[in-house]
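Visitor: Sending over a structure as structure tokens; questions will come in a sec.
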Amino acid sequence: MSSAAPATLTPTANGVAPVRQPLTRKSLAADHPTWCPGCGDFAVLASFQRTLEKLQYPQENIVLFAGIGCSSRFPYFVNTHGGHFIHGRALPIAAGVSLSRDDLHVFVFGGDGDGFSIGGNHLVHTARKNVRITYIIMDNFVYGLTKKQTSPTSPVGFKTKTDPTGVLDQPINPMRALISSGATFVARSHASQVTHMTEMMERAARHDGFSVVEILSECVEFYPGAFDAANPRKNGAFKLIEEKKHDGSPEDAQRHDPTDEVAAFHLATLPWPGVFGVFYEANRPTKNRLEADLIARSREKTAGKSELQILQSTFARLR
Amino acid sequence: MVSPNFITVSDGDAAPAGQPRSIQDVVIRLAGNSQDGIQTIGGFLARLAGRSDQDVMTYMTIPSTISGGPSIFQVRMGTGDILSAGDRADVLVAFYQHSYEDHIESLRPGGVLLYDNDHVKPNPEDKRFTAIGVPVTSRTIEAVGGAAKDKGKNIFVLGLLARIFQLDVAKLTGLVRERFGGRTEDVVRNALLAFDAGYGYPADNLRDCFFRFEAVQRVSTRPQVTMDGNQALAYGLIAAGVRYGAAYPITPWSTIMEMLRAELPKYGGIFVQAEDELAAVSYALGAAYAGHLAVTGSSGPGLSLKMEALSWAVMAEMPLIVVNVQRGGPSTGLPTSVEQSDLLQGIFGSHGDTPRVVLAPKNVEDCFYIALEAGRIARQYSTPVLILTDQSLATRIEAFDEPDLAGLMVTAKPDLAERGADFKPYPLDRLTRHAPPGTRIASGKFPNVTGLEHDEDGHPSGNPAMHAKMTARRREKIKALGAELALPEVHGDREGEVLLVGWGSTWGPVREAVEHLRQSGRRAGQMHLRHLHPLPSGLDRIFARYRDVFVVEMNDEGLYGFGQLAMLLRARYANPAIRGINKTDGLTFKVSEIVDGVTRHPARNELRVTIPSFSR
Ligand SMILES: Cc1ncc(C[n+]2csc(CCOP(=O)(O)OP(=O)(O)O)c2C)c(N)n1
Ligand code: SF4
Ligand SMILES: [Mg+2]
């Protein structure tokens with residue numbers, strides 16, 4: 001894999017020892033978001049920029065991709081390389097970027113419709129393959145961009161334009177779906193909790209594998225108050241998952257072990273509004289690693305030959 | 001060369017008894033069941049021909065059932081240019097009664113029927129052929145014996161054919177050893193036993209049926225390579241610098257992805273089997289965005305699934321190679337037959353105004369070169385390029401001059417050089433040159449690639465004037481490619497009565513048809529289009545030199561009476577001389593069908609055809 005040129009650098013007068021400028025909120029700011037005032041996605045954006053400030057990756061090596069939806073406009077609002085793809089397919093294009101360029105940090109943003117409905121199959125397979133990507137889902141339980149149709153996370157009874165008498169179909173359970181698909185980092189947060197969101201995003205980004213954070217992000221336009229039950233400022237309860245500290249204390253026995261898949265399922269099935277934090281975290285070789293190993297093994301066999309020589313010897317066998 | 005010119009066995013003027021007769025080329029059809037390994041014999045013969053500096057072309061039908069079932073392999077080999085797999089066989093090898101019954105009509109009168117008399121009872125009344133019965137099954141069992149049963153019948157027949165056609169035994173057994181070498185010693189030994197048994201079958205029983213290929217000096221000094229079209233395309237992609245790709249399996253595309261999956265890691269690349277075709281094109285676009293030349297591919301239905309992302313690729317101006325191995329449609333249609341019915345899907349299949357490049361290889365060798373050209377165009381114009389090949393090219397084996405790989409091979413890495421402060425991903429006055437991620441931009445502002453209409457900087461723009469400008473920009477760059485293309489050469493008469501226009505795998509049969517027409521006194525020419533969109537400019541000057549222009553295509557005449565390319569050419573040139581010769585039986589064109597199509601075309605009022613009418 002070709003490695004990139006050094007990061008955002010300020011060349012010094014004599015051209016040596018360039019100094020990297022730290023990533024700041026200012027250097028990360030791009031277009032002003034087009035979201036409705038009060039939309040939960042603003043807070044997600046702020047948390048993400050804060051996360052990047054913490055991670056301090058070389059700016060040119062950060063890549064953001066998204067599908068289509070209000071939330072999917074995200075890449076325009078962060079000053080990094082990135083792209084705005086088609087509805088539901090951001091994961092496979094991002095996987096193509098991730099697998100073909102090991103030097104990049106690849107993030108995907110999108111909504112509940114984009115991720116769980118039209119892109120549902122890609123979610124399952126990108127998780128199963130454990131491609132090195134961090135995926136932030138802004139779940140507002142509704143189709144925002146297309147103005148209030150039923151989403152795969154809309155609760156039964158919620159009145160939308162496509163279910164004017166109330167949603168009939170059982171919604172998807174994102175945590176359960178992600179865990180069972182094989183995602184190796186699965187977390188949940190709430191757009192009113194900037195510190196928690198930032199912490200989840202940072203852990204997701206540092207995870208070596210397919211990491212997902214579902215963030216309940218209110219659509220003030222079409223589903224106001226959807227997440228009040230988990231918002232302390234609206235008299236709700238933001239209940240955190242307490243993770244095991246492995247300190248041998250009696251309390252620790254009650255705490256959640258994120259490597260325990262069954263326990264994670266249990267948390268995922270708690271009644272609304274459920275709990276927040278890291279549900280599941282596992283170490284499994286990424287597809288990036290496995291493919292790199294495959295390349296290494298294949299190259300052993302072609303011992304030192306140039307690309308031209310490899311193709312020439314193939315043709316010699318076809319004479 | 002025009003088929004068939006095999007010397008008839010019953011001809012009195014043939015060589016004296018016992019002497020081999022001299023021939024230029026021969027069409028052998030092997031008919032049996034798919035598990036008998038008749039593809040293997042065909043493959044051996046094809047590779048032998050390649051190694052003997054003979055030209056060769058094969059034609060294979062595979063049953064769409066998973067295993068078993070009737071199967072044929074037709075190989076035409078000879079000295080000189082072989083353009084088609086042959087309309088009719090000179091030799092039919094029938095393994096079973098059903099093989100005999102289904103294929104005897106494909107044997108030309110005077111030809112040789114070679115049949116396994118353990119299984120086949122030919123009609124004794126049928127005196128059209130020289131029938132030679134050989135106990136293929138029992139002799140094979142005798143020779144190999146043991147648990148192998150009649151496995152090896154194919155190699156026995158190969159030995160028989162080697163004897164009849166005076167083939168190079170050392171080279172053939174060498175190929176057998178290479179082919180089975182990876183397996184146990186037993187397998188190689190059994191194969192050679194079967195071969196020897198066939199080769200040593202008592203000569204008197206073959207009724208003096210021996211032939212020798214005329215020695216013709218080949219012009220080229222390069223060695224020949226023998227492969228099928230999908231192989232040529234896969235290696236062409238590698239030579240073009242493709243290192244990343246993704247696809248979903250579908251016949252007849254699958255073998256390309258299988259090869260790339262096995263080969264690309266050797267070159268440091270990755271080929272992903274994606275969850276579906278839309279995911280596959282998306283993966284490939286990810287690699288393209290990341291700065292690589294990438295490929296995705298499929299066959300008809302899979303291409304339909306990719307269409308949404310291909311529109312994005314046009315809008316975002318991503319270089320990408322897309323392969324579509326056409327098969328019979330619509331829907332699952334005839335998945336193992338050939339058709340050229342995806343042309344309009346290829347050119348126009350997406351939503352929106354999506355000008356797109358479409359190329360088609362003319363033969364197996366061209367599958368290699370078209371991949372290189374697709375790569376060059378995709379890079380230069382930062383655009384998706386679709387290669388339309390088809391089932392017959394995919395599975396057909398041909399021998400061709402080994403390409404000059406050292407001169408052709410492209411190895412490119414993503415260009416991550418810092419871009420200046422004036423960098424724009426979509427400049428109105430220049431071609432797009434994306435800055436892949438990892439690239440620093442002097443302005444400190446990083447670009448987005450996008451499917452929303454955008455301005456020069458890649459910012460979403462709903463400005464009506466901007467959409468008009470950007471639409472024109474995407475159109476004009478493809479027109480610029482059209483202006484750069486050379487006019488296709490005309491083969492045969494450069495003016496006259498009939499111009500035959502073809503595209504894709506019909507090149508060989510059309511060329512032979514032109515020779516037939518000229519030999520029968522007509523002034524006829526062939527123009528073959530490798531660039532279907534954009535068309536090279538100036539075709540109208542060629543059309544104007546002929547009275548009739550027939551577009552030969554394996555697709556339907558459609559509601560308005562014109563095949564897909566004919567419709568495009570009519571729309572482009574509004575020339576009433578343009579008509580079509582079409583067929584939709586899932587088989588490649590026979591030379592005679594094209595000749596008949598010209599001489600009896602309804603538009604020439606030389607034949608009244610009755611067409612069933614559905615109107616009341
Ligand atoms: C192929 C396709 N189908 C449908 C649409 C229309 N569409 C755009 S966004 C969207 C749903 C958005 O909902 P969600 O993903 O939840 O994002 P949100 O706007 O709520 O953030 C739909 C149906 C489209 N752009 N493309
Ligand atoms: S419609 Fe809803 S989701 Fe979209 S920007 Fe407005 S508040 Fe946010
Ligand atoms: Mg939504």
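Ligands are numbered from 1 in the order shown, residues from 1 within each chain, and chains are lettered A, B, ... in the order they appear in the structure tokens.
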Do me a favour and pick out the residues of chain A within 6 Å of chain B, using only C-alpha atoms, as a list in words.

Guide: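 Going by the stated atoms only, the list reads Ala4, Glu60, Asn61, Asn79, Thr80, His81, Gly82, Gly83, His84, Pro92, Ile93, Ala94, Gly96, Val97, Ser100, Ile295, Ser298, Arg299, Glu307, Leu318 and Arg319 of chain A.
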
Visitor: Neighbouring residues of ligand 1 are defined here as those with any atom at most 6 Å from a ligand atom, counting only C-alpha atoms and all ligand atoms; list them as a list of chain:residue names.

Guide: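 So, counting only C-alpha atoms and all ligand atoms, the residues near ligand 1 are A:Ile68, A:Gly69, A:Cys70, A:Ser71, A:His87, A:Gly111, A:Asp112, A:Gly113, A:Asp114, A:Asn140, A:Val142, A:Tyr143, A:Gly144, A:Leu145, A:Thr146.
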
Visitor: Would you save the residues from that selection as a PDB file, in the first residue's frame, using N, CA, C and O atoms?

Guide:
ATOM      1  N   ILE A  68     -27.509   9.096   1.327  1.00  0.00           N
ATOM      2  CA  ILE A  68     -28.432  10.215   1.107  1.00  0.00           C
ATOM      3  C   ILE A  68     -29.399  10.309   2.287  1.00  0.00           C
ATOM      4  O   ILE A  68     -29.863   9.300   2.801  1.00  0.00           O
ATOM      5  N   GLY A  69     -29.685  11.535   2.657  1.00  0.00           N
ATOM      6  CA  GLY A  69     -30.561  11.816   3.792  1.00  0.00           C
ATOM      7  C   GLY A  69     -30.083  13.131   4.386  1.00  0.00           C
ATOM      8  O   GLY A  69     -29.029  13.641   3.997  1.00  0.00           O
ATOM      9  N   CYS A  70     -30.842  13.688   5.340  1.00  0.00           N
ATOM     10  CA  CYS A  70     -30.385  14.918   5.993  1.00  0.00           C
ATOM     11  C   CYS A  70     -29.022  14.666   6.632  1.00  0.00           C
ATOM     12  O   CYS A  70     -28.063  15.409   6.434  1.00  0.00           O
ATOM     13  N   SER A  71     -28.963  13.588   7.421  1.00  0.00           N
ATOM     14  CA  SER A  71     -27.742  13.262   8.145  1.00  0.00           C
ATOM     15  C   SER A  71     -26.579  12.991   7.194  1.00  0.00           C
ATOM     16  O   SER A  71     -25.426  13.243   7.514  1.00  0.00           O
ATOM     17  N   HIS A  87     -28.011   6.626  -2.091  1.00  0.00           N
ATOM     18  CA  HIS A  87     -28.795   6.252  -0.911  1.00  0.00           C
ATOM     19  C   HIS A  87     -28.529   4.798  -0.498  1.00  0.00           C
ATOM     20  O   HIS A  87     -28.793   3.870  -1.274  1.00  0.00           O
ATOM     21  N   GLY A 111     -28.299   8.057   8.016  1.00  0.00           N
ATOM     22  CA  GLY A 111     -29.510   7.988   8.809  1.00  0.00           C
ATOM     23  C   GLY A 111     -30.013   6.570   8.974  1.00  0.00           C
ATOM     24  O   GLY A 111     -29.386   5.607   8.497  1.00  0.00           O
ATOM     25  N   ASP A 112     -31.151   6.454   9.644  1.00  0.00           N
ATOM     26  CA  ASP A 112     -31.743   5.136   9.907  1.00  0.00           C
ATOM     27  C   ASP A 112     -32.275   4.496   8.625  1.00  0.00           C
ATOM     28  O   ASP A 112     -32.140   3.290   8.423  1.00  0.00           O
ATOM     29  N   GLY A 113     -32.866   5.296   7.744  1.00  0.00           N
ATOM     30  CA  GLY A 113     -33.364   4.726   6.489  1.00  0.00           C
ATOM     31  C   GLY A 113     -32.214   4.279   5.621  1.00  0.00           C
ATOM     32  O   GLY A 113     -32.210   3.178   5.055  1.00  0.00           O
ATOM     33  N   ASP A 114     -31.227   5.144   5.517  1.00  0.00           N
ATOM     34  CA  ASP A 114     -30.042   4.864   4.712  1.00  0.00           C
ATOM     35  C   ASP A 114     -29.331   3.588   5.198  1.00  0.00           C
ATOM     36  O   ASP A 114     -28.930   2.752   4.399  1.00  0.00           O
ATOM     37  N   ASN A 140     -33.113   9.035  13.729  1.00  0.00           N
ATOM     38  CA  ASN A 140     -34.177   9.946  14.176  1.00  0.00           C
ATOM     39  C   ASN A 140     -35.558   9.307  14.067  1.00  0.00           C
ATOM     40  O   ASN A 140     -36.571   9.962  14.210  1.00  0.00           O
ATOM     41  N   VAL A 142     -37.233   8.425  11.649  1.00  0.00           N
ATOM     42  CA  VAL A 142     -38.119   8.961  10.609  1.00  0.00           C
ATOM     43  C   VAL A 142     -37.274   9.290   9.381  1.00  0.00           C
ATOM     44  O   VAL A 142     -36.052   9.394   9.471  1.00  0.00           O
ATOM     45  N   TYR A 143     -37.940   9.396   8.242  1.00  0.00           N
ATOM     46  CA  TYR A 143     -37.253   9.896   7.048  1.00  0.00           C
ATOM     47  C   TYR A 143     -37.341  11.409   7.076  1.00  0.00           C
ATOM     48  O   TYR A 143     -38.418  11.990   6.917  1.00  0.00           O
ATOM     49  N   GLY A 144     -36.204  12.056   7.308  1.00  0.00           N
ATOM     50  CA  GLY A 144     -36.185  13.503   7.419  1.00  0.00           C
ATOM     51  C   GLY A 144     -36.184  14.180   6.059  1.00  0.00           C
ATOM     52  O   GLY A 144     -37.068  14.972   5.743  1.00  0.00           O
ATOM     53  N   LEU A 145     -35.208  13.838   5.246  1.00  0.00           N
ATOM     54  CA  LEU A 145     -35.015  14.542   3.976  1.00  0.00           C
ATOM     55  C   LEU A 145     -36.258  14.490   3.095  1.00  0.00           C
ATOM     56  O   LEU A 145     -36.613  15.467   2.450  1.00  0.00           O
ATOM     57  N   THR A 146     -36.921  13.337   3.097  1.00  0.00           N
ATOM     58  CA  THR A 146     -38.084  13.189   2.219  1.00  0.00           C
ATOM     59  C   THR A 146     -39.388  13.563   2.938  1.00  0.00           C
ATOM     60  O   THR A 146     -40.464  13.311   2.442  1.00  0.00           O
TER      61      THR A 146
END

Visitor: What does the list of residues within 12 Å of ligand 3 look like if you count only C-alpha atoms and all ligand atoms, written as an mmCIF file with C-alpha atoms, in the first residue's frame?

Guide:
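Below is the file out-v9.cif, written as the result:
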data_model
loop_
_atom_site.group_PDB
_atom_site.id
_atom_site.type_symbol
_atom_site.label_atom_id
_atom_site.label_comp_id
_atom_site.auth_asym_id
_atom_site.auth_seq_id
_atom_site.Cartn_x
_atom_site.Cartn_y
_atom_site.Cartn_z
ATOM 1 C CA CYS A 39 -31.752 19.389 14.524
ATOM 2 C CA GLY A 40 -29.914 16.819 16.623
ATOM 3 C CA ASP A 41 -27.332 16.354 13.884
ATOM 4 C CA GLY A 67 -25.319 8.075 1.473
ATOM 5 C CA ILE A 68 -28.432 10.215 1.107
ATOM 6 C CA GLY A 69 -30.561 11.816 3.792
ATOM 7 C CA CYS A 70 -30.385 14.918 5.993
ATOM 8 C CA SER A 71 -27.742 13.262 8.145
ATOM 9 C CA SER A 72 -25.868 12.110 5.061
ATOM 10 C CA GLY A 88 -27.875 3.278 1.252
ATOM 11 C CA PHE A 109 -22.308 8.889 8.298
ATOM 12 C CA GLY A 110 -25.964 8.304 7.634
ATOM 13 C CA GLY A 111 -29.510 7.988 8.809
ATOM 14 C CA ASP A 112 -31.743 5.136 9.907
ATOM 15 C CA GLY A 113 -33.364 4.726 6.489
ATOM 16 C CA ASP A 114 -30.042 4.864 4.712
ATOM 17 C CA GLY A 115 -28.460 2.347 7.053
ATOM 18 C CA PHE A 116 -31.176 -0.070 8.116
ATOM 19 C CA SER A 117 -33.576 -0.036 5.179
ATOM 20 C CA ILE A 118 -32.072 0.506 1.736
ATOM 21 C CA ILE A 137 -25.762 6.395 12.416
ATOM 22 C CA MET A 138 -27.934 9.385 13.209
ATOM 23 C CA ASP A 139 -31.154 7.632 14.078
ATOM 24 C CA ASN A 140 -34.177 9.946 14.176
ATOM 25 C CA PHE A 141 -36.833 7.232 13.724
ATOM 26 C CA VAL A 142 -38.119 8.961 10.609
ATOM 27 C CA TYR A 143 -37.253 9.896 7.048
ATOM 28 C CA GLY A 144 -36.185 13.503 7.419
ATOM 29 C CA LEU A 145 -35.015 14.542 3.976
ATOM 30 C CA THR A 146 -38.084 13.189 2.219
ATOM 31 C CA LYS A 147 -40.343 14.736 4.878
ATOM 32 C CA LYS A 148 -41.788 12.285 7.300
ATOM 33 C CA GLN A 149 -42.251 8.841 5.911
ATOM 34 C CA THR A 150 -41.977 5.688 8.007
ATOM 35 C CA SER A 151 -38.445 4.574 8.755
ATOM 36 C CA PRO A 152 -37.291 1.087 9.751
ATOM 37 C CA THR A 153 -36.872 2.381 13.313
ATOM 38 C CA SER A 154 -40.202 4.230 13.528
ATOM 39 C CA GLU A 214 -25.986 4.609 16.823
ATOM 40 C CA ILE A 215 -26.884 8.086 18.003
ATOM 41 C CA LEU A 216 -30.458 9.012 18.789
ATOM 42 C CA SER A 217 -30.598 12.358 17.027
ATOM 43 C CA GLU A 218 -33.872 14.191 17.116
ATOM 44 C CA CYS A 219 -35.595 15.400 13.961
ATOM 45 C CA VAL A 220 -37.197 18.528 15.381
ATOM 46 C CA GLU A 221 -39.147 18.987 12.201
ATOM 47 C CA PHE A 222 -40.855 15.608 11.828
ATOM 48 C CA TYR A 223 -40.444 13.769 15.093
ATOM 49 C CA ALA A 226 -38.827 11.380 20.054
#

Visitor: I'd like the neighbourhood of stretch 192-198 of chain A as a list in words, where a residue qualifies if any of its atoms comes within 7 Å (using only C-alpha atoms), though same-chain residues fewer than 2 positions away should be ignored.

Guide: Ala43, Ser47, Phe48, Arg50, Thr51, Ser189, His190, Met200, Met201, Glu202 and Asn231 of chain A

Visitor: Once you have the residues from the selection above, write them out as an mmCIF file, in the first residue's frame, restricted to N, CA, C and O atoms.

Guide:
data_model
loop_
_atom_site.group_PDB
_atom_site.id
_atom_site.type_symbol
_atom_site.label_atom_id
_atom_site.label_comp_id
_atom_site.auth_asym_id
_atom_site.auth_seq_id
_atom_site.Cartn_x
_atom_site.Cartn_y
_atom_site.Cartn_z
ATOM 1 N N ALA A 43 -25.306 18.609 16.956
ATOM 2 C CA ALA A 43 -24.509 18.174 18.107
ATOM 3 C C ALA A 43 -23.602 17.011 17.722
ATOM 4 O O ALA A 43 -22.480 16.884 18.208
ATOM 5 N N SER A 47 -19.589 16.970 18.088
ATOM 6 C CA SER A 47 -18.879 15.884 18.774
ATOM 7 C C SER A 47 -17.839 15.259 17.871
ATOM 8 O O SER A 47 -16.750 14.901 18.298
ATOM 9 N N PHE A 48 -18.195 15.128 16.604
ATOM 10 C CA PHE A 48 -17.245 14.490 15.682
ATOM 11 C C PHE A 48 -16.013 15.375 15.512
ATOM 12 O O PHE A 48 -14.877 14.898 15.510
ATOM 13 N N ARG A 50 -14.862 17.440 17.623
ATOM 14 C CA ARG A 50 -14.109 17.335 18.869
ATOM 15 C C ARG A 50 -13.320 16.022 18.894
ATOM 16 O O ARG A 50 -12.176 15.972 19.335
ATOM 17 N N THR A 51 -13.952 14.965 18.404
ATOM 18 C CA THR A 51 -13.269 13.660 18.343
ATOM 19 C C THR A 51 -12.016 13.750 17.479
ATOM 20 O O THR A 51 -10.953 13.254 17.855
ATOM 21 N N SER A 189 -25.573 6.082 21.657
ATOM 22 C CA SER A 189 -25.477 7.340 22.382
ATOM 23 C C SER A 189 -26.675 8.230 22.032
ATOM 24 O O SER A 189 -27.588 7.804 21.316
ATOM 25 N N HIS A 190 -26.638 9.465 22.529
ATOM 26 C CA HIS A 190 -27.782 10.367 22.415
ATOM 27 C C HIS A 190 -27.237 11.751 22.085
ATOM 28 O O HIS A 190 -26.269 12.197 22.701
ATOM 29 N N MET A 200 -17.779 7.876 22.827
ATOM 30 C CA MET A 200 -18.137 6.704 22.010
ATOM 31 C C MET A 200 -17.459 6.788 20.634
ATOM 32 O O MET A 200 -16.943 5.807 20.113
ATOM 33 N N MET A 201 -17.489 7.979 20.055
ATOM 34 C CA MET A 201 -16.875 8.145 18.729
ATOM 35 C C MET A 201 -15.379 7.887 18.796
ATOM 36 O O MET A 201 -14.802 7.258 17.901
ATOM 37 N N GLU A 202 -14.752 8.381 19.835
ATOM 38 C CA GLU A 202 -13.310 8.202 19.930
ATOM 39 C C GLU A 202 -12.973 6.708 20.074
ATOM 40 O O GLU A 202 -12.072 6.195 19.416
ATOM 41 N N ASN A 231 -33.567 11.838 27.751
ATOM 42 C CA ASN A 231 -32.904 13.139 27.884
ATOM 43 C C ASN A 231 -33.191 13.745 29.254
ATOM 44 O O ASN A 231 -34.320 14.163 29.518
#

Visitor: Quick check for you: according to DSSP on this backbone, which residues of stretch 192-283 of chain A are classed as strand (DSSP E or B)? Reply as a PyMOL selection string.

Guide: chain A and resi 210-216+240+243+256+276-281

Visitor: As a list in words, please: every residue in stretch 347-453 of chain B that DSSP puts in helix (DSSP H, G or I).

Guide: Ile347, Phe348, Val364, Glu365, Asp366, Cys367, Phe368, Tyr369, Ile370, Ala371, Leu372, Glu373, Ala374, Gly375, Arg376, Ile377, Ala378, Arg379, Gln380, Tyr381, Gln391, Ser392, Leu393, Ala394, Thr395, Leu405, Ala406, Gly407 and Leu408 of chain B

Visitor: Considering only C-alpha atoms, return as a PyMOL selection string whatever protein or nucleic-acid residues lie within 6 Å of stretch 334-338 of chain B, sequence-local ones (same chain, fewer than 6 positions apart) excluded.

Guide: chain B and resi 64+327-328+391-392+586-587

Visitor: Suppose we keep all heavy atoms; can you now write the selection as a PDB file, in the first residue's frame?

Guide:
ATOM      1  N   SER B  64     -27.039 -25.345 -19.063  1.00  0.00           N
ATOM      2  CA  SER B  64     -27.228 -24.466 -17.924  1.00  0.00           C
ATOM      3  C   SER B  64     -27.560 -25.269 -16.669  1.00  0.00           C
ATOM      4  O   SER B  64     -27.590 -24.736 -15.588  1.00  0.00           O
ATOM      5  CB  SER B  64     -28.308 -23.437 -18.211  1.00  0.00           C
ATOM      6  OG  SER B  64     -29.417 -24.055 -18.788  1.00  0.00           O
ATOM      7  N   ARG B 327     -25.383 -12.081 -22.086  1.00  0.00           N
ATOM      8  CA  ARG B 327     -25.981 -13.396 -22.271  1.00  0.00           C
ATOM      9  C   ARG B 327     -27.419 -13.165 -22.713  1.00  0.00           C
ATOM     10  O   ARG B 327     -27.850 -12.013 -22.833  1.00  0.00           O
ATOM     11  CB  ARG B 327     -25.915 -14.175 -20.955  1.00  0.00           C
ATOM     12  CG  ARG B 327     -26.653 -13.472 -19.810  1.00  0.00           C
ATOM     13  CD  ARG B 327     -26.436 -14.198 -18.508  1.00  0.00           C
ATOM     14  NE  ARG B 327     -27.629 -14.121 -17.660  1.00  0.00           N
ATOM     15  CZ  ARG B 327     -27.730 -14.685 -16.476  1.00  0.00           C
ATOM     16  NH1 ARG B 327     -26.724 -15.381 -15.991  1.00  0.00           N
ATOM     17  NH2 ARG B 327     -28.828 -14.585 -15.764  1.00  0.00           N
ATOM     18  N   GLY B 328     -28.142 -14.258 -22.978  1.00  0.00           N
ATOM     19  CA  GLY B 328     -29.502 -14.082 -23.467  1.00  0.00           C
ATOM     20  C   GLY B 328     -30.415 -13.530 -22.388  1.00  0.00           C
ATOM     21  O   GLY B 328     -30.446 -14.043 -21.279  1.00  0.00           O
ATOM     22  N   GLN B 391     -21.136 -13.991 -24.144  1.00  0.00           N
ATOM     23  CA  GLN B 391     -20.948 -15.380 -23.734  1.00  0.00           C
ATOM     24  C   GLN B 391     -20.069 -16.149 -24.708  1.00  0.00           C
ATOM     25  O   GLN B 391     -19.271 -16.979 -24.297  1.00  0.00           O
ATOM     26  CB  GLN B 391     -22.325 -16.051 -23.579  1.00  0.00           C
ATOM     27  CG  GLN B 391     -22.298 -17.471 -23.062  1.00  0.00           C
ATOM     28  CD  GLN B 391     -22.159 -18.489 -24.186  1.00  0.00           C
ATOM     29  OE1 GLN B 391     -22.316 -18.173 -25.352  1.00  0.00           O
ATOM     30  NE2 GLN B 391     -21.859 -19.728 -23.810  1.00  0.00           N
ATOM     31  N   SER B 392     -20.200 -15.860 -26.002  1.00  0.00           N
ATOM     32  CA  SER B 392     -19.424 -16.671 -26.943  1.00  0.00           C
ATOM     33  C   SER B 392     -17.950 -16.326 -26.862  1.00  0.00           C
ATOM     34  O   SER B 392     -17.097 -17.205 -26.927  1.00  0.00           O
ATOM     35  CB  SER B 392     -19.957 -16.522 -28.368  1.00  0.00           C
ATOM     36  OG  SER B 392     -19.528 -15.316 -28.940  1.00  0.00           O
ATOM     37  N   GLY B 586     -29.979 -17.326 -29.598  1.00  0.00           N
ATOM     38  CA  GLY B 586     -29.013 -17.623 -28.541  1.00  0.00           C
ATOM     39  C   GLY B 586     -27.738 -18.272 -29.042  1.00  0.00           C
ATOM     40  O   GLY B 586     -26.907 -18.691 -28.249  1.00  0.00           O
ATOM     41  N   LEU B 587     -27.597 -18.370 -30.369  1.00  0.00           N
ATOM     42  CA  LEU B 587     -26.398 -18.985 -30.943  1.00  0.00           C
ATOM     43  C   LEU B 587     -25.637 -17.941 -31.746  1.00  0.00           C
ATOM     44  O   LEU B 587     -26.209 -16.951 -32.193  1.00  0.00           O
ATOM     45  CB  LEU B 587     -26.797 -20.147 -31.862  1.00  0.00           C
ATOM     46  CG  LEU B 587     -27.626 -21.254 -31.198  1.00  0.00           C
ATOM     47  CD1 LEU B 587     -28.162 -22.217 -32.243  1.00  0.00           C
ATOM     48  CD2 LEU B 587     -26.790 -21.988 -30.159  1.00  0.00           C
TER      49      LEU B 587
END

Visitor: Between atom CA of B:Asp90 and atom CA of B:Gly42, what is the distance, to one decimal in Å?

Guide: 14.9 Å

Visitor: What's the separation between atom CA of B:Val136 and atom CA of B:Asp116, in Å to one decimal place?

Guide: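 Between atom CA of B:Val136 and atom CA of B:Asp116 the gap works out to 5.1 Å.
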
Visitor: Out of A:Ala316, A:Ala191, A:Ile133, A:Leu240, which residue has the shortest atom-to-atom distance to ligand 2 when counting only C-alpha atoms and all ligand atoms?

Guide: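 Answer, going by the shortest atom-to-atom distance: A:Ala191.
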
Visitor: I'd like the contact shell of B:Val385 - 7 Å cut-off, only C-alpha atoms, skipping same-chain residues fewer than 6 positions apart - returned as number ranges by chain.

Guide: B: 320-322, 356-358, 374, 378

Visitor: Next, dump the selected residues to file, keeping only N, CA and C atoms, as a short mmCIF file (atom, residue, chain, number, x, y, z; two decimals), in the first residue's frame.

Guide:
data_model
loop_
_atom_site.label_atom_id
_atom_site.label_comp_id
_atom_site.auth_asym_id
_atom_site.auth_seq_id
_atom_site.Cartn_x
_atom_site.Cartn_y
_atom_site.Cartn_z
N LEU B 320 -13.45 4.24 -14.02
CA LEU B 320 -13.83 2.89 -13.60
C LEU B 320 -13.99 2.04 -14.85
N ILE B 321 -13.59 0.79 -14.76
CA ILE B 321 -13.87 -0.14 -15.86
C ILE B 321 -15.01 -1.06 -15.42
N VAL B 322 -16.02 -1.16 -16.26
CA VAL B 322 -17.15 -2.03 -15.98
C VAL B 322 -17.24 -3.05 -17.11
N ARG B 356 -21.73 8.08 -21.50
CA ARG B 356 -20.87 7.04 -20.95
C ARG B 356 -20.14 6.35 -22.11
N VAL B 357 -18.97 5.86 -21.83
CA VAL B 357 -18.17 5.22 -22.88
C VAL B 357 -18.47 3.72 -22.92
N VAL B 358 -18.73 3.21 -24.12
CA VAL B 358 -19.01 1.79 -24.28
C VAL B 358 -18.13 1.23 -25.40
N ALA B 374 -9.73 0.53 -22.46
CA ALA B 374 -10.70 0.99 -21.46
C ALA B 374 -9.98 1.70 -20.31
N ALA B 378 -10.60 5.53 -19.33
CA ALA B 378 -11.13 5.82 -18.00
C ALA B 378 -10.25 6.83 -17.28
#
